[in-house]
$ cat query-v4.cif   # mmCIF, C-alpha atoms and all ligand atoms
data_upload
#
loop_
_atom_site.label_atom_id
_atom_site.label_comp_id
_atom_site.auth_asym_id
_atom_site.auth_seq_id
_atom_site.Cartn_x
_atom_site.Cartn_y
_atom_site.Cartn_z
CA MET A 1 8.50 -14.74 -18.31
CA LEU A 2 5.89 -14.40 -15.54
CA THR A 3 4.36 -11.02 -14.74
CA GLU A 4 2.35 -9.95 -11.71
CA THR A 5 0.76 -6.56 -11.03
CA ALA A 6 1.50 -5.08 -7.62
CA PRO A 7 -1.69 -3.05 -7.06
CA ALA A 8 -1.69 0.09 -4.93
CA LYS A 9 -3.10 -0.54 -1.45
CA ILE A 10 -5.60 1.94 -0.05
CA ASN A 11 -6.62 2.18 3.61
CA LEU A 12 -10.27 3.29 3.37
CA ALA A 13 -10.12 3.78 7.12
CA LEU A 14 -7.19 3.39 9.53
CA HIS A 15 -7.82 3.45 13.28
CA VAL A 16 -4.82 3.29 15.59
CA ARG A 17 -5.83 1.72 18.89
CA ALA A 18 -2.73 1.19 21.06
CA ARG A 19 1.05 1.16 21.17
CA ARG A 20 2.42 -2.34 21.62
CA PRO A 21 5.52 -3.44 23.53
CA ASP A 22 7.10 -4.72 20.26
CA GLY A 23 7.33 -1.22 18.75
CA TYR A 24 4.29 -1.70 16.52
CA HIS A 25 0.74 -0.41 17.02
CA ASP A 26 -2.54 -2.29 17.18
CA LEU A 27 -4.78 -0.98 14.47
CA GLU A 28 -7.99 -1.59 12.58
CA THR A 29 -8.14 -0.92 8.89
CA LEU A 30 -10.26 -1.49 5.79
CA PHE A 31 -7.89 -2.53 2.99
CA VAL A 32 -8.94 -2.15 -0.64
CA PHE A 33 -6.83 -2.34 -3.80
CA ALA A 34 -6.64 -0.27 -6.95
CA ARG A 35 -6.52 -2.04 -10.31
CA ASP A 36 -3.16 -0.38 -11.15
CA GLY A 37 0.25 -0.37 -9.54
CA ASP A 38 3.83 -1.54 -10.00
CA ARG A 39 4.76 -4.58 -12.10
CA VAL A 40 7.04 -7.49 -11.19
CA SER A 41 8.37 -9.81 -13.93
CA LEU A 42 10.35 -12.98 -13.39
CA ALA A 43 12.35 -15.40 -15.56
CA ASP A 44 14.64 -18.32 -14.75
CA ALA A 45 18.36 -17.35 -14.83
CA ASP A 46 21.82 -18.79 -14.09
CA THR A 47 22.45 -16.23 -11.34
CA SER A 48 20.09 -14.03 -9.34
CA ALA A 49 19.58 -10.62 -10.96
CA PHE A 50 17.40 -7.59 -10.19
CA THR A 51 16.58 -4.62 -12.40
CA VAL A 52 14.38 -1.62 -11.61
CA GLY A 53 12.70 0.49 -14.29
CA GLY A 54 9.75 2.85 -14.52
CA PRO A 55 9.25 6.48 -13.45
CA PHE A 56 10.26 5.97 -9.79
CA ALA A 57 13.25 3.65 -10.45
CA GLY A 58 15.67 6.33 -9.27
CA VAL A 59 14.26 6.64 -5.75
CA VAL A 60 13.85 3.06 -4.51
CA GLY A 61 17.25 2.81 -2.79
CA PRO A 62 19.86 0.03 -2.85
CA ASP A 63 18.99 -3.36 -4.34
CA ALA A 64 19.90 -5.28 -1.18
CA ASP A 65 17.20 -3.39 0.79
CA ASN A 66 14.55 -3.84 -1.87
CA LEU A 67 11.58 -5.81 -0.65
CA VAL A 68 11.50 -7.66 -4.00
CA VAL A 69 15.03 -8.97 -3.44
CA ARG A 70 14.27 -9.79 0.20
CA ALA A 71 11.04 -11.57 -0.75
CA ALA A 72 12.79 -13.65 -3.42
CA ALA A 73 15.63 -14.64 -1.07
CA ALA A 74 13.16 -15.58 1.67
CA PHE A 75 11.08 -17.65 -0.78
CA ARG A 76 14.10 -19.57 -2.10
CA ALA A 77 15.32 -20.31 1.45
CA ALA A 78 11.89 -21.33 2.77
CA PHE A 79 11.09 -23.65 -0.15
CA GLY A 80 14.65 -24.92 -0.77
CA ILE A 81 14.70 -23.61 -4.37
CA ALA A 82 18.12 -23.81 -6.10
CA GLN A 83 16.88 -22.16 -9.30
CA HIS A 84 17.96 -18.49 -9.68
CA HIS A 85 15.69 -15.82 -11.18
CA ALA A 86 16.10 -12.56 -13.06
CA ILE A 87 13.49 -10.19 -11.63
CA THR A 88 12.41 -6.84 -13.06
CA LEU A 89 10.45 -4.28 -11.07
CA ASP A 90 8.65 -1.53 -12.99
CA LYS A 91 8.10 1.19 -10.39
CA TYR A 92 5.03 3.31 -11.12
CA LEU A 93 3.96 4.02 -7.50
CA PRO A 94 5.71 6.75 -5.52
CA VAL A 95 8.05 5.45 -2.79
CA ALA A 96 7.28 5.79 0.94
CA SER A 97 3.81 7.06 0.11
CA GLY A 98 1.23 5.10 2.16
CA ILE A 99 -0.03 2.97 -0.72
CA GLY A 100 2.19 0.04 0.14
CA GLY A 101 4.45 0.16 -2.90
CA GLY A 102 7.21 -1.94 -1.40
CA SER A 103 4.73 -4.24 0.32
CA ALA A 104 2.76 -4.71 -2.92
CA ASP A 105 6.01 -5.48 -4.77
CA ALA A 106 7.03 -8.05 -2.15
CA ALA A 107 3.61 -9.72 -2.37
CA ALA A 108 3.70 -9.74 -6.19
CA THR A 109 7.16 -11.33 -6.05
CA LEU A 110 5.87 -14.08 -3.73
CA ARG A 111 2.86 -14.64 -6.04
CA ALA A 112 5.09 -14.88 -9.14
CA LEU A 113 7.51 -17.29 -7.45
CA ALA A 114 4.61 -19.38 -6.13
CA ARG A 115 3.22 -19.67 -9.67
CA ARG A 116 6.64 -20.58 -11.08
CA HIS A 117 7.30 -23.25 -8.45
CA ASP A 118 3.77 -24.65 -8.09
CA VAL A 119 3.14 -23.39 -4.57
CA ALA A 120 -0.54 -22.72 -3.76
CA ALA A 121 -1.34 -19.01 -3.39
CA ASP A 122 -2.80 -19.62 0.07
CA ASP A 123 0.02 -21.92 1.29
CA ALA A 124 0.59 -21.15 5.00
CA ARG A 125 4.38 -20.93 4.43
CA LEU A 126 3.83 -18.17 1.86
CA VAL A 127 1.67 -16.23 4.32
CA ALA A 128 4.35 -16.67 7.03
CA LEU A 129 6.97 -15.21 4.64
CA ALA A 130 4.67 -12.25 3.98
CA VAL A 131 4.25 -11.55 7.71
CA GLY A 132 8.04 -11.46 8.10
CA LEU A 133 8.47 -8.92 5.28
CA GLY A 134 6.20 -6.17 6.66
CA ALA A 135 2.86 -5.40 8.28
CA ASP A 136 1.17 -4.64 4.94
CA VAL A 137 2.57 -7.58 2.96
CA PRO A 138 -0.04 -10.20 4.06
CA ALA A 139 -2.87 -7.87 2.96
CA CYS A 140 -1.12 -7.27 -0.37
CA LEU A 141 -0.66 -11.03 -0.81
CA LEU A 142 -4.38 -11.56 -0.22
CA GLY A 143 -4.94 -8.73 -2.70
CA ARG A 144 -8.63 -8.24 -2.05
CA ALA A 145 -10.76 -6.08 0.22
CA ALA A 146 -10.19 -7.09 3.84
CA PHE A 147 -10.59 -5.94 7.41
CA GLY A 148 -7.18 -5.89 9.10
CA SER A 149 -6.45 -5.89 12.83
CA GLY A 150 -3.44 -6.52 15.07
CA ARG A 151 -0.43 -5.04 13.23
CA GLY A 152 -2.67 -5.00 10.17
CA ASP A 153 -1.81 -8.61 9.37
CA ALA A 154 -4.83 -10.40 10.93
CA LEU A 155 -7.14 -10.39 7.93
CA THR A 156 -10.82 -11.07 7.28
CA PRO A 157 -12.08 -10.74 3.67
CA ILE A 158 -14.91 -8.22 3.20
CA ALA A 159 -17.01 -7.12 0.21
CA GLY A 160 -15.10 -4.83 -2.16
CA LEU A 161 -16.17 -1.60 -3.86
CA GLY A 162 -16.98 -3.17 -7.25
CA ASP A 163 -14.55 -1.18 -9.44
CA MET A 164 -15.46 2.21 -8.01
CA PRO A 165 -13.54 5.06 -9.69
CA VAL A 166 -10.71 6.46 -7.55
CA LEU A 167 -8.19 9.26 -7.91
CA LEU A 168 -4.89 8.95 -6.02
CA VAL A 169 -2.81 12.10 -5.50
CA ASN A 170 0.63 12.43 -3.94
CA PRO A 171 2.48 15.74 -3.48
CA LEU A 172 5.78 13.83 -3.94
CA VAL A 173 6.97 14.31 -0.38
CA PRO A 174 8.25 10.95 0.94
CA VAL A 175 6.95 10.14 4.42
CA SER A 176 8.48 7.58 6.80
CA THR A 177 5.88 5.18 8.23
CA ALA A 178 7.79 4.80 11.52
CA ALA A 179 8.02 8.59 11.97
CA ILE A 180 4.29 9.05 11.43
CA PHE A 181 3.37 6.30 13.92
CA ALA A 182 5.76 7.96 16.40
CA GLY A 183 3.77 11.19 15.97
CA TRP A 184 0.42 9.55 16.85
CA ASP A 185 -1.03 11.25 19.96
CA GLY A 186 -1.78 8.00 21.81
CA VAL A 187 -5.53 8.60 21.99
CA ASP A 188 -7.72 5.59 21.09
CA ARG A 189 -10.69 7.10 19.27
CA GLY A 190 -12.51 3.80 18.88
CA ALA A 191 -13.20 0.94 16.50
CA ILE A 192 -14.25 1.01 12.85
CA PRO A 193 -18.08 0.80 12.83
CA ASN A 194 -19.42 -2.64 11.97
CA GLY A 195 -22.70 -1.68 10.32
CA GLY A 196 -23.27 -1.11 6.62
CA ASP A 197 -21.30 -2.02 3.52
CA THR A 198 -17.58 -1.44 3.08
CA LEU A 199 -17.99 2.05 1.62
CA ALA A 200 -20.34 3.13 4.43
CA ARG A 201 -17.92 1.76 7.04
CA GLY A 202 -15.06 3.59 5.34
CA ILE A 203 -16.95 6.88 5.28
CA ALA A 204 -17.89 6.47 8.96
CA GLY A 205 -14.24 5.80 9.84
CA ARG A 206 -11.09 7.94 10.03
CA ASN A 207 -7.38 7.90 9.34
CA ASP A 208 -5.83 8.45 12.76
CA LEU A 209 -2.39 9.05 11.21
CA GLN A 210 -3.59 12.03 9.20
CA PRO A 211 -2.83 14.72 11.86
CA ALA A 212 0.73 13.42 12.36
CA ALA A 213 1.28 13.25 8.60
CA GLU A 214 -0.03 16.80 8.14
CA ARG A 215 2.54 18.01 10.68
CA VAL A 216 5.40 16.28 8.82
CA ALA A 217 4.06 17.09 5.33
CA PRO A 218 1.72 20.10 5.32
CA GLN A 219 1.04 19.38 1.63
CA VAL A 220 -1.27 16.54 2.77
CA ALA A 221 -3.81 19.10 4.02
CA GLN A 222 -3.50 20.93 0.71
CA VAL A 223 -4.16 17.75 -1.29
CA LEU A 224 -7.19 16.91 0.85
CA ALA A 225 -8.61 20.43 0.56
CA ILE A 226 -8.58 20.13 -3.24
CA LEU A 227 -9.98 16.56 -3.29
CA ARG A 228 -12.81 17.27 -0.82
CA GLU A 229 -14.13 20.08 -3.02
CA ARG A 230 -14.38 18.00 -6.18
CA PRO A 231 -17.94 17.46 -7.40
CA GLY A 232 -19.09 13.87 -6.88
CA ALA A 233 -16.40 12.91 -4.32
CA VAL A 234 -18.02 10.68 -1.69
CA LEU A 235 -14.86 10.23 0.39
CA ALA A 236 -11.49 12.03 0.38
CA ARG A 237 -8.86 10.82 2.84
CA MET A 238 -5.17 10.01 3.32
CA SER A 239 -4.05 6.38 2.86
CA GLY A 240 -1.78 4.60 5.37
CA SER A 241 0.91 6.86 6.81
CA GLY A 242 0.67 9.22 3.79
CA ALA A 243 1.33 11.29 1.96
CA THR A 244 -0.88 9.79 -0.80
CA CYS A 245 -4.55 10.77 -0.54
CA PHE A 246 -7.48 9.27 -2.41
CA ALA A 247 -10.93 10.37 -3.49
CA LEU A 248 -13.74 7.98 -4.45
CA PHE A 249 -16.28 8.91 -7.12
CA PRO A 250 -19.33 6.82 -8.12
CA ASP A 251 -18.97 8.40 -11.58
CA ALA A 252 -15.77 8.03 -13.67
CA ALA A 253 -16.40 11.37 -15.42
CA ASP A 254 -16.29 13.16 -12.03
CA ARG A 255 -12.99 11.37 -11.24
CA ASP A 256 -11.50 12.45 -14.56
CA ALA A 257 -12.69 16.03 -14.08
CA ALA A 258 -11.06 16.02 -10.63
CA ALA A 259 -7.81 14.68 -12.12
CA ALA A 260 -7.84 17.52 -14.67
CA VAL A 261 -8.28 20.13 -11.92
CA VAL A 262 -5.40 18.66 -9.88
CA ALA A 263 -3.18 18.57 -12.99
CA ALA A 264 -3.96 22.22 -13.74
CA GLU A 265 -3.53 23.48 -10.15
CA GLN A 266 -0.53 21.33 -9.13
CA PRO A 267 1.24 19.98 -12.21
CA GLY A 268 4.13 18.67 -10.06
CA TRP A 269 1.94 16.31 -8.04
CA TRP A 270 1.64 12.61 -8.90
CA ARG A 271 -1.83 11.40 -9.94
CA LEU A 272 -3.34 8.01 -10.72
CA ALA A 273 -6.90 7.61 -12.01
CA SER A 274 -7.94 4.02 -11.41
CA VAL A 275 -10.74 1.90 -9.96
CA VAL A 276 -11.01 0.10 -6.62
CA ALA A 277 -12.05 -3.55 -6.74
C1 LIG A 301 0.28 2.26 8.05
C2 LIG A 301 0.05 1.07 7.13
O1 LIG A 301 0.46 1.39 5.82
C3 LIG A 301 -1.45 0.73 7.09
O2 LIG A 301 -1.75 -0.19 6.09
C4 LIG A 301 0.82 -0.14 7.61
O3 LIG A 301 0.45 -0.50 8.91
C5 LIG A 301 2.33 0.01 7.47
O4 LIG A 301 2.80 -1.21 7.03
P1 LIG A 301 4.30 -1.45 6.52
O5 LIG A 301 4.78 -0.26 5.76
O6 LIG A 301 4.35 -2.80 5.89
O7 LIG A 301 5.00 -1.43 7.91
P2 LIG A 301 6.36 -2.11 8.37
O8 LIG A 301 7.40 -1.95 7.31
O9 LIG A 301 6.08 -3.45 8.94
O10 LIG A 301 6.68 -1.12 9.58
C6 LIG A 301 7.33 0.12 9.45
C7 LIG A 301 7.26 0.81 10.80
O11 LIG A 301 5.94 1.36 11.00
C8 LIG A 301 5.54 1.24 12.35
N1 LIG A 301 4.31 0.42 12.41
C9 LIG A 301 3.87 -0.31 11.34
C10 LIG A 301 2.70 -1.04 11.41
C11 LIG A 301 1.99 -1.03 12.64
N2 LIG A 301 0.84 -1.72 12.79
N3 LIG A 301 2.44 -0.31 13.69
C12 LIG A 301 3.58 0.42 13.59
O12 LIG A 301 3.96 1.07 14.55
C13 LIG A 301 6.70 0.61 13.09
O13 LIG A 301 7.48 1.65 13.63
C14 LIG A 301 7.47 -0.10 11.99
O14 LIG A 301 8.84 -0.23 12.29
N1 LIG A 302 10.16 -2.36 -3.93
C1 LIG A 302 10.19 -1.24 -3.21
N2 LIG A 302 9.49 -0.16 -3.61
C2 LIG A 302 9.50 0.97 -2.86
N3 LIG A 302 10.21 1.12 -1.74
C3 LIG A 302 10.93 0.08 -1.31
C4 LIG A 302 10.94 -1.13 -2.02
N4 LIG A 302 11.71 -1.99 -1.35
C5 LIG A 302 12.17 -1.33 -0.26
N5 LIG A 302 11.72 -0.08 -0.22
C6 LIG A 302 11.99 0.90 0.86
O1 LIG A 302 10.85 0.89 1.72
C7 LIG A 302 10.52 2.19 2.19
C8 LIG A 302 8.99 2.32 2.23
O2 LIG A 302 8.51 2.36 0.93
P1 LIG A 302 7.04 1.94 0.51
O3 LIG A 302 6.80 2.56 -0.81
O4 LIG A 302 6.84 0.49 0.67
O5 LIG A 302 6.22 2.68 1.65
P2 LIG A 302 4.71 3.00 1.82
O6 LIG A 302 4.09 3.24 0.50
O7 LIG A 302 4.62 4.09 2.84
O8 LIG A 302 4.15 1.67 2.39
P3 LIG A 302 3.04 1.42 3.49
O9 LIG A 302 1.77 1.98 2.97
O10 LIG A 302 3.06 -0.07 3.52
O11 LIG A 302 3.54 2.09 4.73
C9 LIG A 302 11.20 3.16 1.25
O12 LIG A 302 11.90 4.10 2.00
C10 LIG A 302 12.12 2.33 0.36
O13 LIG A 302 13.47 2.72 0.45
#

$ encode --input "query-v4.cif" --output "structure tokens"
Amino acid sequence: MLTETAPAKINLALHVRARRPDGYHDLETLFVFARDGDRVSLADADTSAFTVGGPFAGVVGPDADNLVVRAAAAFRAAFGIAQHHAITLDKYLPVASGIGGGSADAAATLRALARRHDVAADDARLVALAVGLGADVPACLLGRAAFGSGRGDALTPIAGLGDMPVLLVNPLVPVSTAAIFAGWDGVDRGAIPNGGDTLARGIAGRNDLQPAAERVAPQVAQVLAILRERPGAVLARMSGSGATCFALFPDAADRDAAAAVVAAEQPGWWRLASVVA
């Protein structure tokens, strides 16, 4: 049995620059990854099988649409693998939440299959499969801090945040990525600043999808209002197309105190206290 973590993706900054003719948007983003996320496990089997467990198992939708199943089928076709696999997904990240759950799962599936079948993690064919599965999948496959441009799939590694404490909070309102991009106002507000370290660049940046997400899910503004007020928070912002928001704390005790306040004020919201590599 092989197991891979599918870490939550966080967009420290997300600048939308232009609508493209192919229905996507050109963007600039600073990708970082939490230590925690979903889990994908894989074993050889006589027929292909897929099982979903964990707290969000009930909301991932039909198996045939699951990015894990699609990633496994694409891998077997691309590499001519006859061997079937039984794959288990333990779903801990909320679905359609801006932290790349499905994308992280697809990338973890590709990583697990690559390990099982002796394919190098940076094999160009693996990266091509990732690109075909979704804009965030190449970043999740890389799995380390990176600057993303184009659709978010042209990647340059950058320095990470060195296990900085983070609190992720989601009001459990699913948000469609396509709908949020459609609500972008079309105004290019400029590039992510180049100067300084990754944290400084993140702080100097924005999430241009935040206004559209706040219109669709007003709870996003509520989450951010609580996170911004927490002592020690150096940055509070929405990730991706929402509705998950994050707050970064140099001190783990401040993160844990913030988590306790969120739990007391909004017991129905999802929380994850982790660190960002
Ligand atoms: C917003 C981000 O989460 C930032 O990391 C990603 O760009 C979204 O990545 P993703 O969920 O893997 O996106 P995909 O599944 O490829 O695309 C979902 C939909 O989002 C919109 N989309 C996505 C990425 C992008 N650069 N421009 C877009 O306009 C498109 O309407 C697309 O049909
Ligand atoms: N393994 C998976 N986990 C979660 N959702 C999945 C998965 N496979 C397919 N989906 C579908 O993909 C859609 C988007 O879910 P996902 O959690 O990947 O979005 P997200 O967190 O907003 O991602 P991103 O930050 O990349 O936009 C959901 O509506 C869901 O039905």

$ axis_aligned_box --input "query-v4.cif" --around "ligand LIG 302 (chain A)" --padding-each-side "3 Å" --output "lines of an AutoDock Vina configuration file"
center_x = 7.6
center_y = 0.9
center_z = 0.4
size_x = 17.7
size_y = 12.5
size_z = 14.7

$ residues_near_ligand --input "query-v4.cif" --ligand "ligand LIG 301 (chain A)" --cutoff "9 Å" --atoms "only C-alpha atoms and all ligand atoms" --output "count of residues only"
52

$ closest_residue --input "query-v4.cif" --among "A:Ile158, A:Val59, A:Met164, A:Ala200" --to "ligand LIG 302 (chain A)" --atoms "all atoms listed in the file"
A:Val59

$ closest_residue --input "query-v4.cif" --among "A:Leu168, A:Val52, A:Leu272, A:Val95" --to "ligand LIG 302 (chain A)" --atoms "only C-alpha atoms and all ligand atoms"
A:Val95

$ residues_around --input "query-v4.cif" --residues "A:Gly196" --least-positions-apart "6" --cutoff "12 Å" --atoms "all atoms listed in the file" --output "PyMOL selection string"
chain A and resi 158-159+202-205

$ residues_near_point --input "query-v4.cif" --point "(-3.0, 11.1, -4.8)" --cutoff "8 Å" --atoms "all atoms listed in the file" --output "PyMOL selection string"
chain A and resi 167-171+223+244-246+269-272

$ closest_residue --input "query-v4.cif" --among "A:Ala8, A:Ala72, A:Ile81, A:Leu67" --to "A:Leu93" --atoms "all atoms listed in the file"
A:Ala8
